Each structure stands twice: as structure tokens, then as C-alpha cells.
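A.B. asks: What follows is the file query35.txt, containing compact mmCIF, C-alpha atoms and all ligand atoms:
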# COMPACT_ATOMS: atom_id res chain seq x y z
CA MET R 76 125.25 -172.16 9.45
CA LYS R 77 123.48 -169.63 11.71
CA ILE R 78 120.27 -170.73 13.40
CA LEU R 79 117.90 -168.46 15.24
CA VAL R 80 116.14 -170.19 18.13
CA VAL R 81 112.91 -168.58 19.30
CA ASN R 82 110.75 -169.36 22.29
CA ALA R 83 107.44 -167.50 22.27
CA GLY R 84 105.15 -167.09 25.25
CA SER R 85 101.79 -165.34 25.22
CA SER R 86 103.44 -161.96 25.95
CA SER R 87 107.12 -162.77 25.56
CA LEU R 88 109.65 -163.87 22.95
CA LYS R 89 113.12 -165.15 23.84
CA TYR R 90 115.73 -165.72 21.18
CA GLN R 91 119.33 -166.85 20.57
CA LEU R 92 121.34 -166.68 17.40
CA ILE R 93 123.67 -169.70 17.31
CA GLU R 94 126.63 -170.36 15.01
CA MET R 95 126.35 -174.10 14.43
CA ASP R 96 129.97 -174.55 13.25
CA ASN R 97 131.15 -174.12 16.85
CA GLU R 98 127.75 -174.11 18.61
CA GLU R 99 128.49 -170.66 20.00
CA VAL R 100 125.77 -168.20 20.97
CA ILE R 101 126.37 -165.08 18.86
CA CYS R 102 123.75 -162.97 20.65
CA LYS R 103 120.55 -163.44 22.59
CA GLY R 104 117.72 -161.54 24.13
CA GLY R 105 114.13 -161.33 25.07
CA VAL R 106 111.04 -159.26 24.38
CA GLU R 107 108.64 -158.71 27.27
CA CYS R 108 105.10 -157.44 27.63
CA ILE R 109 104.02 -157.99 24.01
CA GLY R 110 100.52 -156.57 23.56
CA ILE R 111 100.53 -154.96 26.99
CA GLU R 112 101.96 -151.83 28.54
CA GLY R 113 105.71 -151.64 29.13
CA SER R 114 106.89 -153.68 26.17
CA LYS R 115 110.63 -153.75 25.60
CA ILE R 116 113.49 -155.76 24.20
CA SER R 117 116.75 -156.60 25.97
CA HIS R 118 119.37 -157.60 23.43
CA LYS R 119 122.70 -159.02 24.66
CA VAL R 120 125.82 -159.21 22.54
CA ASN R 121 129.54 -159.34 23.41
CA GLY R 122 128.80 -158.87 27.11
CA LYS R 123 126.75 -155.70 26.54
CA GLU R 124 123.01 -155.27 26.92
CA TYR R 125 120.87 -152.96 24.76
CA VAL R 126 117.36 -152.17 25.94
CA ILE R 127 114.73 -150.61 23.70
CA GLU R 128 111.35 -149.68 25.12
CA LYS R 129 108.65 -149.43 22.49
CA PRO R 130 104.94 -150.30 22.16
CA LEU R 131 104.58 -153.75 20.57
CA ALA R 132 101.05 -154.75 19.66
CA ASN R 133 101.72 -158.38 18.70
CA HIS R 134 104.35 -161.01 17.89
CA THR R 135 104.92 -159.54 14.43
CA ASP R 136 105.95 -156.20 15.98
CA ALA R 137 108.11 -158.08 18.45
CA PHE R 138 109.85 -160.18 15.81
CA ASN R 139 110.41 -157.12 13.62
CA LEU R 140 112.19 -155.52 16.56
CA VAL R 141 114.30 -158.66 17.10
CA MET R 142 115.35 -158.49 13.44
CA GLU R 143 116.18 -154.77 13.81
CA CYS R 144 118.51 -155.63 16.70
CA LEU R 145 120.10 -158.57 14.88
CA THR R 146 120.85 -156.42 11.82
CA ASN R 147 121.58 -153.15 13.65
CA LYS R 148 124.61 -151.33 12.14
CA GLU R 149 126.15 -150.54 15.52
CA TYR R 150 125.57 -153.69 17.61
CA GLY R 151 123.95 -156.16 15.20
CA SER R 152 125.50 -159.54 14.43
CA ILE R 153 124.40 -160.06 10.83
CA SER R 154 124.19 -157.70 7.89
CA SER R 155 121.00 -159.13 6.44
CA PRO R 156 118.22 -161.61 7.35
CA GLU R 157 119.49 -163.94 4.58
CA GLU R 158 122.37 -164.91 6.87
CA ILE R 159 119.89 -166.83 9.03
CA SER R 160 119.80 -170.37 7.62
CA ALA R 161 116.78 -171.50 9.63
CA ILE R 162 114.58 -170.61 12.57
CA GLY R 163 113.96 -173.22 15.27
CA HIS R 164 110.83 -172.74 17.36
CA ARG R 165 110.24 -174.18 20.79
CA VAL R 166 106.68 -175.49 20.82
CA VAL R 167 105.24 -176.84 24.05
CA HIS R 168 102.68 -179.38 22.86
CA SER R 169 102.79 -181.74 19.89
CA GLY R 170 99.58 -183.65 20.59
CA GLU R 171 99.60 -186.87 18.57
CA ALA R 172 100.36 -184.85 15.43
CA PHE R 173 104.18 -184.80 15.75
CA THR R 174 106.67 -187.14 17.41
CA THR R 175 109.86 -185.46 16.23
CA ALA R 176 111.06 -182.01 15.23
CA ALA R 177 109.23 -180.93 12.09
CA TYR R 178 109.80 -178.67 9.09
CA ILE R 179 106.80 -176.39 8.92
CA ASP R 180 105.16 -176.44 5.50
CA ASP R 181 101.49 -175.65 4.82
CA LYS R 182 100.33 -179.12 5.93
CA ALA R 183 102.34 -178.97 9.17
CA MET R 184 100.98 -175.47 9.79
CA LYS R 185 97.43 -176.84 9.57
CA ASP R 186 98.34 -179.71 11.92
CA LEU R 187 99.77 -177.20 14.38
CA GLU R 188 96.60 -175.14 14.22
CA SER R 189 94.52 -178.24 14.89
CA ILE R 190 96.35 -178.94 18.19
CA ALA R 191 96.63 -175.34 19.46
CA HIS R 192 93.86 -175.98 22.02
CA LEU R 193 95.93 -178.69 23.75
CA ALA R 194 98.19 -176.04 25.32
CA PRO R 195 96.05 -172.90 25.24
CA LEU R 196 98.58 -170.80 27.15
CA HIS R 197 101.53 -171.73 24.95
CA ASN R 198 100.82 -173.17 21.50
CA PRO R 199 98.80 -170.20 20.13
CA ALA R 200 101.76 -167.92 20.99
CA SER R 201 104.14 -170.21 19.10
CA LEU R 202 101.79 -170.19 16.13
CA ALA R 203 101.59 -166.39 16.15
CA CYS R 204 105.37 -166.18 16.30
CA LEU R 205 105.77 -168.79 13.57
CA LYS R 206 103.49 -166.83 11.25
CA SER R 207 105.45 -163.62 11.94
CA CYS R 208 108.78 -165.34 11.26
CA LYS R 209 107.48 -166.84 8.01
CA SER R 210 106.30 -163.44 6.80
CA ILE R 211 109.44 -161.54 7.79
CA VAL R 212 112.37 -163.90 7.03
CA ASP R 213 112.60 -166.16 4.00
CA CYS R 214 114.12 -169.31 5.52
CA PRO R 215 112.96 -172.76 6.71
CA ASN R 216 111.09 -172.86 10.02
CA VAL R 217 111.33 -175.94 12.22
CA CYS R 218 109.30 -176.72 15.34
CA VAL R 219 110.91 -178.60 18.20
CA PHE R 220 108.39 -179.91 20.70
CA ASP R 221 108.73 -180.15 24.49
CA THR R 222 106.74 -183.36 24.31
CA ALA R 223 108.66 -185.09 21.49
CA PHE R 224 111.34 -186.81 23.60
CA HIS R 225 108.55 -188.50 25.56
CA SER R 226 106.84 -189.94 22.49
CA THR R 227 108.65 -193.24 23.07
CA MET R 228 106.68 -193.91 26.27
CA PRO R 229 104.78 -197.19 26.03
CA LYS R 230 101.01 -197.02 26.18
CA LYS R 231 100.93 -198.59 29.65
CA ALA R 232 102.86 -195.56 30.90
CA LYS R 233 101.19 -192.82 28.93
CA LEU R 234 97.47 -193.65 29.02
CA TYR R 235 95.05 -192.50 31.70
CA ALA R 236 92.51 -195.15 32.67
CA ILE R 237 89.63 -193.38 30.94
CA PRO R 238 87.48 -195.15 28.33
CA TYR R 239 89.79 -195.92 25.40
CA GLU R 240 87.44 -194.37 22.84
CA ASP R 241 87.50 -191.10 24.82
CA TYR R 242 91.29 -191.13 24.66
CA GLU R 243 91.08 -191.73 20.91
CA ALA R 244 88.56 -188.94 20.42
CA THR R 245 90.33 -186.35 22.59
CA GLN R 246 94.06 -187.33 22.49
CA ILE R 247 93.99 -186.85 26.26
CA ARG R 248 96.88 -188.82 27.77
CA LYS R 249 100.22 -188.21 29.40
CA TYR R 250 102.60 -186.33 27.06
CA GLY R 251 105.27 -184.97 29.41
CA PHE R 252 107.22 -181.73 29.02
CA HIS R 253 110.79 -180.32 29.32
CA GLY R 254 111.62 -182.97 26.68
CA THR R 255 114.49 -181.02 25.13
CA SER R 256 116.09 -180.66 28.55
CA HIS R 257 115.64 -184.33 29.51
CA LYS R 258 117.03 -185.31 26.12
CA PHE R 259 120.05 -183.03 26.38
CA VAL R 260 121.09 -184.00 29.91
CA SER R 261 120.48 -187.72 29.40
CA GLN R 262 122.64 -187.65 26.25
CA GLU R 263 125.37 -185.75 28.09
CA ALA R 264 125.15 -188.27 30.96
CA ILE R 265 125.45 -191.18 28.52
CA LYS R 266 128.55 -189.59 26.92
CA TYR R 267 130.11 -189.13 30.37
CA LEU R 268 129.27 -192.65 31.62
CA LYS R 269 130.56 -194.23 28.39
CA SER R 270 133.81 -192.29 28.71
CA LYS R 271 134.28 -193.82 32.19
CA ASN R 272 133.28 -197.32 31.04
CA LEU R 273 130.28 -197.24 33.36
CA PRO R 274 126.79 -198.63 32.72
CA TYR R 275 124.42 -196.12 31.15
CA SER R 276 121.19 -198.04 30.45
CA ASN R 277 118.99 -196.72 33.25
CA ILE R 278 119.03 -192.99 33.90
CA ILE R 279 116.65 -190.78 35.87
CA THR R 280 116.77 -187.11 34.90
CA CYS R 281 115.41 -184.57 37.39
CA HIS R 282 114.67 -181.20 35.78
CA LEU R 283 114.00 -178.98 38.80
CA GLY R 284 113.13 -175.33 38.17
CA ASN R 285 110.01 -173.18 38.48
CA GLY R 286 108.42 -176.09 36.64
CA SER R 287 109.82 -179.49 37.56
CA SER R 288 109.65 -182.93 35.99
CA ILE R 289 111.37 -186.28 36.26
CA THR R 290 111.99 -188.71 33.42
CA ALA R 291 113.04 -192.35 33.25
CA VAL R 292 115.43 -192.81 30.32
CA LYS R 293 116.16 -196.41 29.35
CA ASP R 294 118.78 -197.00 26.65
CA GLY R 295 118.52 -193.35 25.65
CA LYS R 296 114.73 -193.37 25.33
CA CYS R 297 112.05 -191.97 27.59
CA VAL R 298 109.93 -194.71 29.16
CA ASP R 299 108.05 -192.59 31.69
CA THR R 300 107.83 -189.01 32.89
CA SER R 301 106.11 -187.15 35.70
CA MET R 302 104.19 -184.40 33.86
CA GLY R 303 100.94 -185.32 32.16
CA MET R 304 98.54 -184.02 29.55
CA THR R 305 99.59 -180.61 30.85
CA PRO R 306 102.60 -179.45 32.91
CA LEU R 307 100.42 -179.40 36.05
CA ASP R 308 100.93 -183.06 36.93
CA GLY R 309 103.72 -184.74 38.86
CA LEU R 310 105.85 -182.93 41.41
CA ILE R 311 104.97 -179.97 43.60
CA MET R 312 106.42 -176.94 41.73
CA GLY R 313 106.85 -173.18 42.25
CA THR R 314 103.15 -172.41 41.88
CA ARG R 315 101.69 -175.71 40.57
CA CYS R 316 100.19 -178.32 42.87
CA GLY R 317 101.46 -181.35 40.96
CA CYS R 318 99.58 -184.60 41.35
CA ILE R 319 96.18 -184.21 43.03
CA ASP R 320 93.08 -186.41 43.33
CA ALA R 321 90.77 -185.30 40.47
CA ALA R 322 87.73 -185.60 42.72
CA ALA R 323 89.33 -183.28 45.29
CA VAL R 324 89.46 -180.62 42.57
CA GLU R 325 85.66 -180.56 42.41
CA MET R 326 85.47 -180.20 46.20
CA LEU R 327 87.99 -177.37 46.14
CA ALA R 328 86.08 -175.64 43.31
CA GLU R 329 82.90 -175.76 45.39
CA PHE R 330 84.71 -174.40 48.45
CA LYS R 331 86.32 -171.57 46.48
CA ASN R 332 83.23 -171.02 44.34
CA MET R 333 85.34 -171.22 41.21
CA SER R 334 84.60 -172.23 37.63
CA THR R 335 86.65 -175.00 35.98
CA LYS R 336 88.82 -172.39 34.26
CA GLU R 337 89.39 -170.48 37.50
CA MET R 338 90.23 -173.75 39.23
CA THR R 339 92.84 -174.68 36.63
CA ASN R 340 94.36 -171.24 37.01
CA TYR R 341 94.38 -171.63 40.82
CA LEU R 342 96.06 -175.05 40.63
CA ASN R 343 98.67 -173.66 38.21
CA LYS R 344 99.34 -170.28 39.82
CA LYS R 345 98.43 -170.30 43.52
CA CYS R 346 99.62 -173.68 44.77
CA GLY R 347 102.98 -175.44 45.01
CA PHE R 348 105.79 -173.87 47.07
CA LEU R 349 103.86 -170.59 47.07
CA GLY R 350 100.60 -172.06 48.36
CA VAL R 351 102.08 -174.47 50.91
CA SER R 352 104.68 -172.08 52.34
CA GLY R 353 102.71 -168.85 51.96
CA VAL R 354 106.14 -167.30 51.35
CA SER R 355 107.20 -167.54 47.72
CA SER R 356 107.30 -169.71 44.62
CA ASP R 357 111.04 -169.13 44.44
CA PHE R 358 113.26 -171.88 45.80
CA ARG R 359 115.89 -169.44 47.09
CA ALA R 360 113.29 -167.49 49.04
CA LEU R 361 111.95 -170.78 50.40
CA CYS R 362 115.42 -171.77 51.65
CA LYS R 363 115.89 -168.36 53.27
CA ALA R 364 112.55 -168.69 55.06
CA ILE R 365 113.57 -172.17 56.29
CA GLU R 366 116.76 -170.68 57.77
CA GLU R 367 114.57 -168.15 59.58
CA GLY R 368 112.54 -171.01 61.07
CA ASN R 369 109.45 -170.90 58.85
CA GLU R 370 107.80 -174.30 59.27
CA ARG R 371 105.52 -174.11 56.26
CA ALA R 372 108.50 -173.31 54.04
CA LYS R 373 110.20 -176.40 55.50
CA LEU R 374 107.07 -178.43 54.77
CA ALA R 375 107.09 -177.33 51.10
CA PHE R 376 110.77 -178.28 50.87
CA ASP R 377 110.15 -181.66 52.51
CA MET R 378 107.22 -182.38 50.17
CA PHE R 379 109.44 -181.58 47.17
CA ALA R 380 112.29 -183.85 48.30
CA TYR R 381 109.89 -186.65 49.33
CA GLN R 382 108.09 -186.64 46.00
CA ILE R 383 111.35 -186.64 44.00
CA ARG R 384 112.53 -189.62 46.07
CA LYS R 385 109.31 -191.49 45.36
CA TYR R 386 109.76 -190.94 41.61
CA ILE R 387 113.33 -192.21 41.83
CA GLY R 388 112.03 -195.34 43.55
CA SER R 389 109.21 -195.98 41.12
CA TYR R 390 111.25 -195.24 37.99
CA SER R 391 114.04 -197.57 39.18
CA VAL R 392 111.39 -200.29 39.27
CA ALA R 393 109.95 -199.22 35.89
CA MET R 394 113.43 -199.58 34.32
CA GLU R 395 114.40 -202.60 36.46
CA GLY R 396 117.60 -200.86 37.52
CA LEU R 397 119.31 -197.55 38.05
CA ASP R 398 122.75 -196.45 36.82
CA CYS R 399 122.61 -192.70 37.13
CA ILE R 400 120.58 -189.79 38.51
CA VAL R 401 120.95 -186.40 36.82
CA PHE R 402 120.03 -183.08 38.41
CA THR R 403 119.39 -180.09 36.18
CA GLY R 404 117.31 -176.87 35.95
CA GLY R 405 117.67 -173.75 38.13
CA ILE R 406 117.16 -175.70 41.38
CA GLY R 407 118.81 -178.97 40.33
CA GLU R 408 121.95 -177.16 39.13
CA ASN R 409 122.22 -174.59 41.92
CA GLY R 410 120.60 -176.23 44.93
CA PRO R 411 123.01 -178.67 46.61
CA VAL R 412 120.63 -178.78 49.55
CA ILE R 413 117.85 -180.44 47.54
CA ARG R 414 120.30 -182.91 45.95
CA GLU R 415 121.47 -183.94 49.40
CA ALA R 416 117.91 -184.26 50.75
CA VAL R 417 116.86 -186.37 47.76
CA CYS R 418 119.84 -188.75 47.95
CA ASP R 419 119.99 -189.00 51.74
CA ASN R 420 119.75 -192.54 53.18
CA LEU R 421 119.33 -194.25 49.82
CA GLY R 422 122.42 -196.41 50.29
CA PHE R 423 120.18 -199.50 50.08
CA MET R 424 119.62 -198.55 46.41
CA GLY R 425 123.33 -197.97 45.79
CA ILE R 426 122.82 -194.19 45.86
CA GLU R 427 125.50 -192.38 47.90
CA ILE R 428 126.16 -188.67 47.49
CA ASP R 429 129.47 -187.02 48.44
CA LYS R 430 127.96 -184.47 50.82
CA GLU R 431 131.03 -182.26 51.06
CA TYR R 432 131.79 -182.13 47.35
CA ASN R 433 128.09 -181.67 46.54
CA LYS R 434 128.14 -178.45 48.59
CA LYS R 435 131.15 -176.91 46.88
CA ALA R 436 130.99 -178.46 43.39
CA PRO R 437 131.59 -175.90 40.63
CA ARG R 438 128.55 -174.60 38.75
CA GLY R 439 127.96 -174.29 35.03
CA GLU R 440 129.62 -177.57 34.07
CA LEU R 441 129.00 -181.31 34.38
CA VAL R 442 130.00 -182.49 37.86
CA ASP R 443 129.91 -185.93 39.42
CA VAL R 444 128.78 -185.56 43.05
CA SER R 445 128.49 -189.26 43.82
CA ALA R 446 130.55 -190.77 46.63
CA LYS R 447 133.39 -193.09 45.58
CA ASN R 448 131.49 -196.21 46.66
CA SER R 449 128.17 -195.15 45.10
CA LYS R 450 126.90 -197.76 42.63
CA VAL R 451 124.63 -195.14 41.09
CA LYS R 452 126.32 -192.09 39.58
CA ILE R 453 124.87 -188.74 40.68
CA LEU R 454 125.55 -186.02 38.12
CA VAL R 455 124.74 -182.32 37.93
CA ILE R 456 124.46 -181.23 34.30
CA PRO R 457 123.58 -177.69 33.18
CA THR R 458 120.77 -177.95 30.69
CA ASN R 459 120.81 -176.22 27.30
CA GLU R 460 117.41 -176.38 25.67
CA GLU R 461 118.27 -173.77 23.02
CA LEU R 462 121.21 -175.83 21.81
CA VAL R 463 119.00 -178.93 21.44
CA ILE R 464 116.49 -176.87 19.44
CA ALA R 465 119.28 -175.51 17.24
CA ARG R 466 120.80 -178.98 16.69
CA GLU R 467 117.45 -180.53 15.81
CA THR R 468 116.62 -177.63 13.50
CA GLU R 469 119.93 -178.08 11.72
CA GLU R 470 119.30 -181.82 11.35
CA VAL R 471 115.83 -181.26 9.88
CA VAL R 472 117.06 -178.55 7.50
CA LYS R 473 119.96 -180.72 6.28
CA SER R 474 117.54 -183.54 5.52
CA LEU R 475 115.27 -181.35 3.34
P1 LIG M 1 112.15 -172.19 34.74
O1 LIG M 1 111.35 -173.41 35.04
O2 LIG M 1 111.36 -170.92 34.78
O3 LIG M 1 113.08 -172.32 33.55
P2 LIG M 1 114.64 -172.21 36.24
O4 LIG M 1 115.15 -173.51 35.70
O5 LIG M 1 115.34 -170.97 35.83
O6 LIG M 1 113.09 -172.05 36.01
O7 LIG M 1 114.68 -172.32 37.84
C1 LIG M 1 114.19 -171.32 38.64
C2 LIG M 1 114.35 -171.80 40.09
O8 LIG M 1 115.74 -172.01 40.36
C3 LIG M 1 113.84 -170.79 41.13
O9 LIG M 1 113.05 -171.44 42.10
C4 LIG M 1 115.13 -170.28 41.75
O10 LIG M 1 114.97 -169.94 43.11
C5 LIG M 1 116.04 -171.48 41.62
N1 LIG M 1 117.44 -171.05 41.68
C6 LIG M 1 118.09 -170.25 40.81
N2 LIG M 1 119.34 -170.00 41.26
C7 LIG M 1 119.47 -170.65 42.44
C8 LIG M 1 120.51 -170.78 43.40
N3 LIG M 1 121.67 -170.18 43.24
N4 LIG M 1 120.26 -171.54 44.49
C9 LIG M 1 119.08 -172.15 44.67
N5 LIG M 1 118.07 -172.06 43.81
C10 LIG M 1 118.24 -171.33 42.71
Written as C-alpha cells, that's how I'd like the structure from this file.
C.D. replies:
Amino acid sequence: MKILVVNAGSSSLKYQLIEMDNEEVICKGGVECIGIEGSKISHKVNGKEYVIEKPLANHTDAFNLVMECLTNKEYGSISSPEEISAIGHRVVHSGEAFTTAAYIDDKAMKDLESIAHLAPLHNPASLACLKSCKSIVDCPNVCVFDTAFHSTMPKKAKLYAIPYEDYEATQIRKYGFHGTSHKFVSQEAIKYLKSKNLPYSNIITCHLGNGSSITAVKDGKCVDTSMGMTPLDGLIMGTRCGCIDAAAVEMLAEFKNMSTKEMTNYLNKKCGFLGVSGVSSDFRALCKAIEEGNERAKLAFDMFAYQIRKYIGSYSVAMEGLDCIVFTGGIGENGPVIREAVCDNLGFMGIEIDKEYNKKAPRGELVDVSAKNSKVKILVIPTNEELVIARETEEVVKSL
């Protein structure tokens, strides 16, 4: 069974065609600048990249071009669209409408439309892409939500202390994001810990990338996570401020003379590593600036490590124990320096990292960087969100 995984942004569309028999990626690519100048597709297959530059007015144009590449006589991977058994869509926000991956029929389409406003930068793009896919390829479409893995959070963890009837009327609460990643790495960690006869009940997964979030996974289920109603909450990130006093936002808005919308944009795009360091939102650039003695870059780094440590402390209490910490995402997988800073001096919690091995551990595979005497396992696990989407899509399609 071949499944096409698509991930639509407001001006982008990433895709992977996956053969589910062996879970191999047949080809993948991305369309950029949809609806704006400079639109193009980069299609990768068998180690080669094909780039086509072409005006693309909307997601339908973009998806048509994806299908042209997939079925191209010279470098295509399928001879006709019928070879695609299903399309799995990454959708950022599920609101209260969905708690698991869902087959998209007319009713589900209406439900999706009704929650589009909850993630105005993301969900409308997914909807546009979904409509294009439905009109161009005749196969089941399944939505896999970033928020779904977190739907098991108890109310005491997911509600904000606003009047209950306002929560009921607006659905405003903590949802959490990066769910497919937290799900994938926690399941991989459980497999690994089981294979070593180690405890696997209490796991903290740290997804650290441009966007970062931390999740407490008890007995395979999410019980708390750091992002909120939107991905702005929680940790300091590349350009997002993370947790901030809501009343300070009003003060900042007055100082900057900004509207609410402008303020939200500022908190999402101008803050975080970029705002604190004044250097870059990119973790590698931050580390380079630290080496050159930039104190604000060091401050941004220290804030990041400090906040991750605080989450590890609070989630250990939330789960009443800790068996394993997982690092994933661009920074978590490739940044030994942040793993060391996070785990430093936490021996009192049974957390001991093997500093030497952590530095030289191979990349691109599961590695155990905990010291021999560490009670808590410290794992680095490459995430694979597309594979989770493909697996869940397959499961939904098989149950139809
Ligand atoms: P996104 O949230 O956009 O998916 P990624 O998970 O790809 O982001 O992570 C991007 C971050 O990972 C950037 O801050 C980048 O600097 C960092 N990163 C990527 N490769 C490395 C590396 N080799 N060493 C340190 N940081 C890295």
C-alpha cells in the first residue's frame, strides 16, 4: 500500500510517498512560495533532485504539480494516481472536534471548517490542500492532528483558570502540539526500554527544534505538555517567547503601540533566541556566537536549558517518577551541548549523562547517552512525523 503524506503550510506543501509494506520513502519533496513570486517544487527521488520553477496561484496548482512529478515518465515513481491508496494530511489543530486521526467525509470536512479559526496560520492551508487532493485524486483522505496525542491530558492539566463557561463556549484550553513526534519517540523509547527489561512508565520527551515542546508520557499516554492553545506557550523557541505573563503583553503592546494581532505576530516572530540574543533564531548560529563571546547569545542558551530543566522537574512530579528522558528534533538530535546542559548536576534525580559519549554519539539512530549508573535513561531518538502520519492513515483506511 502506497500512502502520500502531505503537510501544507500557508505558502508551502511538503510531501512524501511511502511504501507501507517496508515503510520506505519512495520519493519526497516540497513546494515553496505558493501564491507568491518565486514558486517552485523540489522533488527528490533515488538521490537526485528535480527542481521546477513555475507560477502557482494556490494549493490546487501546487498539488497538480506534485502529481505531475509523482507520475512523470522520466523520474516519476507511479504510473497513475490510482496507485496511491490514501493521502494522510498533517493538520495542526483538532480543537475539541477530533481526538484521533480521522477519515475525512463530508461531515468531518464541515467539522474541520468549523475549527479553522483555532489555528489561523495553519488549518486553513490544510483545508485548502485537502480540498485540492479530494478533487484531483480519487482515494481516501485522512487527517492526523498535531494535537491528538495530547487529548489524553486530564482536565486539571489542560484547562486554563478562566471561567468554565468561557472555556465551554470558546474551546480555549491547552491542546499541545508536535503530538506525532512525541508519540513516535515515546513509542520508540518504550520499545527500547522493554527490550532491556527497564521500567518505561514515566517518560519525558523533549522535542527541540525551531519550535520546541516537552511532554510527560505516563504509560504511553500524554498527561501534560508545554505548548498551549497555540504553539506560542511553554519554552523559549527560535522566534517565540514561550510562557509570558498575559498582563505583560498588554504593557508591551502599549510600549510598542501595537494592535493585538501585531502583538501576537511579534511574540511569535521577533522573540525567543532571536529577540534575546539579537543574533539569530537558529541554534547553530547561537552556539557560534557563544563561542565568539556573545553574552546575549549565552543568555538565550541558558534560558533554554534552564526552562527545559524546570519542565523535567515539574513533569517528574506530575508523573510521580521518571524512567527516561528523550531528546529529539533538530536541536535535540544534533545538539549534544544542550543535552549536557539540561542533564548537568541532576544526579539527585538519578539523571546522569555520559558526557564523552554524548559528544560523539552517532546521529540518525536511537542512542543511549546515559551514564552506566544513571537511574534515568537518557535517549536521543530521531523523530519521524511523516511515518506516524502514514501509519495512522493506513490504520484508519484499513478500518473503513
Ligand atoms: P522545525 O521546528 O522547523 O522542524 P528542526 O527540528 O528542523 O525545526 O530544528 C531546527 C533547529 O535545529 C535549528 O535551530 C538548527 O540550528 C538546529 N540544528 C540543526 N542541525 C543542527 C546541528 N548539527 N547542531 C546543532 N543544531 C542543529
A.B. asks: Name the closest residue to ligand LIG 1 (chain M) among the candidates R:Leu268, R:Leu361, R:Val471, R:Val106; distances are taken between atoms, counting all atoms listed in the file.
C.D. replies: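 Once distances to ligand LIG 1 (chain M) are computed over all atoms listed in the file, the minimum belongs to R:Leu361.
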A.B. asks: As AutoDock Vina command-line options, please report the centre and edge lengths, rounded to one decimal in Å, of the axis-aligned box that holds all listed atoms of range 316-321 of chain R with 6 Å of padding on each of the six sides.
C.D. replies:
--center_x 96.1 --center_y -182.4 --center_z 41.9 --size_x 22.7 --size_y 20.1 --size_z 14.9
A.B. asks: Which residue out of R:Pro306, R:Gly422, R:Gly122, R:Gly405 has the minimum interatomic distance to ligand LIG 1 (chain M) when only C-alpha atoms and all ligand atoms are used?
C.D. replies: R:Gly405
A.B. asks: Calculated over only C-alpha atoms and all ligand atoms, which of the candidates R:Asn343, R:Asp299, R:His282, R:Leu327 has the smallest distance to ligand LIG 1 (chain M)?
C.D. replies: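 Checking each of R:Asn343, R:Asp299, R:His282, R:Leu327 against ligand LIG 1 (chain M), counting only C-alpha atoms and all ligand atoms, the winner is R:His282.
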A.B. asks: Which residue is closest to ligand LIG 1 (chain M)? Choose from R:Asp241, R:Glu408, R:Asp443, R:Glu107 and count only C-alpha atoms and all ligand atoms.
C.D. replies: R:Glu408
A.B. asks: Using only C-alpha atoms and all ligand atoms, which residue out of R:Leu397, R:Ile428, R:Leu283, R:Val167 lies closest to ligand LIG 1 (chain M)?
C.D. replies: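 Among the listed residues, the smallest separation from ligand LIG 1 (chain M) belongs to R:Leu283.
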A.B. asks: Enumerate, in order of chain and increasing residue number, the residues of chain R with an atom no farther than 8 Å from ligand LIG 1 (chain M), each with its shortest atom pair and distance in Å to one decimal, counting only C-alpha atoms and all ligand atoms, as a Markdown table.
C.D. replies:
| residue | atom | partner | partner_atom | distance |
| --- | --- | --- | --- | --- |
| R:His282 | CA | M:LIG1 | O4 | 7.7 |
| R:Leu283 | CA | M:LIG1 | O4 | 6.4 |
| R:Gly284 | CA | M:LIG1 | O7 | 3.4 |
| R:Asn285 | CA | M:LIG1 | O1 | 3.7 |
| R:Gly286 | CA | M:LIG1 | O1 | 4.3 |
| R:Ser287 | CA | M:LIG1 | O1 | 6.8 |
| R:Gly313 | CA | M:LIG1 | O9 | 6.4 |
| R:Ser356 | CA | M:LIG1 | O9 | 6.5 |
| R:Asp357 | CA | M:LIG1 | O9 | 3.9 |
| R:Phe358 | CA | M:LIG1 | O10 | 3.7 |
| R:Arg359 | CA | M:LIG1 | O10 | 4.1 |
| R:Ala360 | CA | M:LIG1 | O10 | 6.6 |
| R:Leu361 | CA | M:LIG1 | O10 | 7.9 |
| R:Cys362 | CA | M:LIG1 | C9 | 7.9 |
| R:Thr403 | CA | M:LIG1 | O4 | 7.8 |
| R:Gly404 | CA | M:LIG1 | O4 | 4.0 |
| R:Gly405 | CA | M:LIG1 | O7 | 3.3 |
| R:Ile406 | CA | M:LIG1 | O8 | 4.1 |
| R:Gly407 | CA | M:LIG1 | O8 | 7.6 |
| R:Glu408 | CA | M:LIG1 | C7 | 7.7 |
| R:Asn409 | CA | M:LIG1 | C8 | 4.4 |
| R:Gly410 | CA | M:LIG1 | C9 | 4.4 |
| R:Pro411 | CA | M:LIG1 | C9 | 7.9 |
A.B. asks: Please report the interatomic distance between CA of Ile311 in chain R and CA of Phe379 in chain R in Å with one decimal.
C.D. replies: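 Atom-to-atom, CA of Ile311 in chain R to CA of Phe379 in chain R, that is 5.9 Å.
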A.B. asks: Mind completing range 98-109 of chain R with N, CA and C atoms? Output as a CSV table (one decimal), in the frame of the given file, please?
C.D. replies:
chain,number,residue,atom,x,y,z
R,98,GLU,N,128.9,-174.1,17.6
R,98,GLU,CA,127.8,-174.1,18.6
R,98,GLU,C,127.9,-172.9,19.6
R,99,GLU,N,128.4,-171.8,19.1
R,99,GLU,CA,128.5,-170.7,20.0
R,99,GLU,C,127.3,-169.7,19.9
R,100,VAL,N,126.9,-169.2,21.0
R,100,VAL,CA,125.8,-168.2,21.0
R,100,VAL,C,126.3,-166.9,20.5
R,101,ILE,N,125.9,-166.3,19.4
R,101,ILE,CA,126.4,-165.1,18.9
R,101,ILE,C,125.7,-163.9,19.6
R,102,CYS,N,124.4,-164.0,19.9
R,102,CYS,CA,123.8,-163.0,20.6
R,102,CYS,C,122.4,-163.6,21.1
R,103,LYS,N,121.8,-162.9,22.1
R,103,LYS,CA,120.6,-163.4,22.6
R,103,LYS,C,119.8,-162.3,23.2
R,104,GLY,N,118.5,-162.6,23.5
R,104,GLY,CA,117.7,-161.5,24.1
R,104,GLY,C,116.3,-162.0,24.4
R,105,GLY,N,115.5,-161.0,24.8
R,105,GLY,CA,114.1,-161.3,25.1
R,105,GLY,C,113.2,-160.1,24.9
R,106,VAL,N,112.0,-160.3,24.4
R,106,VAL,CA,111.0,-159.3,24.4
R,106,VAL,C,110.0,-159.6,25.5
R,107,GLU,N,109.6,-158.5,26.2
R,107,GLU,CA,108.6,-158.7,27.3
R,107,GLU,C,107.4,-157.9,27.0
R,108,CYS,N,106.3,-158.2,27.6
R,108,CYS,CA,105.1,-157.4,27.6
R,108,CYS,C,104.6,-157.1,26.2
R,109,ILE,N,104.6,-158.2,25.4
R,109,ILE,CA,104.0,-158.0,24.0
R,109,ILE,C,102.5,-157.8,24.2
